[in-house]
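Engineer: Quick one: the structure is below, and I'll ask about it shortly.
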Amino acid sequence: MMQPTYMYEALNWASSFLDRSNKEPRAADILMKHHLNVDWTDFHLSRREKLSVDVWEAFYNDVTQHEEGIPIQYLTGCEEFYGRRLKVNEHVLIPRPETEELVQGVLDWLKQKRASSLQIADIGTGSGAIAIALALEAPGLDMTGVDVSEEALTVAKENAAYFGADVTFLQGNLVDPLLQGTKTYDVIVSNPPYVPLEEWEALDTIVRDHEPKQALIGADEDGLSCYRKIAAYLPTLLKTDGLAAFEVGENQGEAVRKILQTELPLADIEVRRDINGKPRMVFCERDDI
């Protein structure tokens with residue numbers, strides 16, 4: 001395609017092009033704003049300005065890649081989470097708004113706890129989104145993030161360093177690195193892989209073909225294997241008045257509640273709904289008395 005003269009012409013082309021491929025037309029605005037490196041106010045004010053060759057070529061390349069299925073966050077290299085723009089790439093799951101509600105639930109519990117120097121572990125930290133948000137929103141925490149992927153931990157460490165979040169990152173599968181020490185935790189929080197194997201092929205191709213499979217699939221037919229392993233070690237790792245908090249698939253809440261109840265029979269366990277009314281979080285407050 002020949003280069004348009006003005007920015008609005010390029011945006012009109014890109015929006016129509018993406019819409020015809022059943023992609024979100026607004027992605028055009030996000031990609032153009034990214035390449036102009038401006039805020040939204042300046043972006044809208046500059047729609048009738050002439051388009052440089054460099055910006056057009058970069059914009060055209062990203063639009064065509066997004067049309068082919070590459071997530072827009074991997075093209076811009078970032079995603080917003082809890083008010084912060086985190087670095088993301090193909091080695092980490094793209095943070096979702098639903099996970100912000102999990103973070104808020106943990107923060108609400110921490111406010112009620114009114115204690116300092118609490119020990120918190122984020123299992124399957126990925127980009128570090130949960131761990132960084134908690135560390136920055138509740139200063140003074142002893143925050144640990146765990147992930148099996150070395151590449152993911154590289155991203156998480158870069159994000160933590162950029163925002164000045166005090167987080168210790170450990171490499172290993174789920175709770176394995178935590179079992180090597182003697183520390184117990186006030187909070188264990190996790191958004192683990194939970195997509196059942198049978199649902200993998202039905203995922204949107206923009207997710208299935210580009211986001212890391214090991215961060216999505218629960219490795220068994222029902223997708224609950226990670227919850228089972230974490231829950232099995234909660235009696236060892238979670239303090240007697242501690243909190244375990246999980247994000248779950250919308251049809252998994254009751255199953256995860258039963259898994260937790262088996263390991264912690266006296267715990268107070270609640271399946272919570274997200275802003276869309278879907279049961280997407282499970283909060284387990286341990287009480288052995």
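Here's how to read the names in the structure tokens: chain A, B, ... by the order shown, residue numbers from 1 in each chain, ligand numbers from 1 in the order shown.
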Need to verify the contact set: Pro279 (chain A), 7 Å, only C-alpha atoms, exclusion of same-chain residues closer than 3 positions in sequence. Can you return it as a PyMOL selection string?
Structural biologist: chain A and resi 250+253+271-274
Engineer: Would you output that residue set with N, CA and C atoms, as a PDB file, in the first residue's frame?
Structural biologist:
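Output file selection-v8.pdb follows:
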```pdb
ATOM      1  N   GLU A 250     -13.723 -19.661  34.964  1.00  0.00           N
ATOM      2  CA  GLU A 250     -15.068 -19.339  35.437  1.00  0.00           C
ATOM      3  C   GLU A 250     -15.898 -20.562  35.818  1.00  0.00           C
ATOM      4  N   GLY A 253     -14.366 -22.610  40.104  1.00  0.00           N
ATOM      5  CA  GLY A 253     -14.379 -22.098  41.470  1.00  0.00           C
ATOM      6  C   GLY A 253     -14.744 -23.129  42.511  1.00  0.00           C
ATOM      7  N   VAL A 271     -15.636 -18.396  47.195  1.00  0.00           N
ATOM      8  CA  VAL A 271     -15.520 -18.204  45.750  1.00  0.00           C
ATOM      9  C   VAL A 271     -16.137 -16.846  45.436  1.00  0.00           C
ATOM     10  N   ARG A 272     -15.348 -15.944  44.864  1.00  0.00           N
ATOM     11  CA  ARG A 272     -15.823 -14.580  44.596  1.00  0.00           C
ATOM     12  C   ARG A 272     -16.008 -14.341  43.103  1.00  0.00           C
ATOM     13  N   ARG A 273     -16.972 -13.496  42.827  1.00  0.00           N
ATOM     14  CA  ARG A 273     -17.254 -13.137  41.439  1.00  0.00           C
ATOM     15  C   ARG A 273     -16.512 -11.860  41.063  1.00  0.00           C
ATOM     16  N   ASP A 274     -16.144 -11.757  39.783  1.00  0.00           N
ATOM     17  CA  ASP A 274     -15.469 -10.561  39.307  1.00  0.00           C
ATOM     18  C   ASP A 274     -16.494  -9.511  38.914  1.00  0.00           C
TER      19      ASP A 274
END
```
Engineer: Going by DSSP on the backbone, which bits of region 63-275 of chain A are strand (DSSP E)? Write them as a PyMOL selection string, please.
Structural biologist: chain A and resi 78-81+84-87+119-123+142-147+167-171+185-190+238-247+268-273
Engineer: So, with only C-alpha atoms as the atoms that count, which of A:Ala10, A:Val38, A:Asn159, A:Tyr60 lies closest to Glu79 (chain A)?
Structural biologist: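 Among A:Ala10, A:Val38, A:Asn159, A:Tyr60, it is A:Asn159 that comes nearest to Glu79 (chain A).
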Engineer: Might you pull out every residue within 9 Å of Glu98 (chain A), with only C-alpha atoms counted and same-chain residues fewer than 6 positions away left off, and present them as a list in words?
Structural biologist: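 In the requested form, the answer reads Glu247, Asp274, Ile275 and Arg280 of chain A.
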Engineer: Which one of A:Leu86, A:Leu237, A:Ile70, A:Ala152 sits closest to Tyr185 (chain A) if you count only C-alpha atoms?
Structural biologist: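 Ranking A:Leu86, A:Leu237, A:Ile70, A:Ala152 by distance to Tyr185 (chain A), first place goes to A:Leu237.
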Engineer: Pick out each residue of region 1-214 of chain A that DSSP on the backbone tags as alpha helix (DSSP H); I need them as a VMD selection string.
Structural biologist: chain A and resid 7 to 20 27 to 36 40 to 45 53 to 67 72 to 76 97 to 113 129 to 137 150 to 163 176 to 179 197 to 200 205 to 208
Engineer: What does the distance from CA of Tyr82 (chain A) to CA of Gln171 (chain A) come to in Å, to one decimal?
Structural biologist: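 Computing it gives 24.3 Å between the two atoms.
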Engineer: Nearest to Ala255 (chain A): which of A:Thr240, A:Ala267, A:Val282, A:Met2 is it, counting only C-alpha atoms?
Structural biologist: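 Nearest candidate to Ala255 (chain A) out of A:Thr240, A:Ala267, A:Val282, A:Met2: A:Val282.
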Engineer: Please identify all polymer residues within 12 Å of His44 (chain A), counting only C-alpha atoms, omitting same-chain residues fewer than 2 positions from it, and present them as a list in words.
Structural biologist: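 Those residues are Met7, Tyr8, Leu11, Asp29, Ile30, Met32, Lys33, Leu36, Val38, Asp39, Trp40, Thr41, Asp42, Ser46, Arg47, Arg48 and Glu49 of chain A.
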Engineer: Identify which of the residues A:Gln3, A:Val195, A:Tyr227, A:Pro177 lies closest to Lys50 (chain A), counting only C-alpha atoms when measuring atom-to-atom distances.
Structural biologist: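 The shortest atom-to-atom distance to Lys50 (chain A) comes from A:Gln3.
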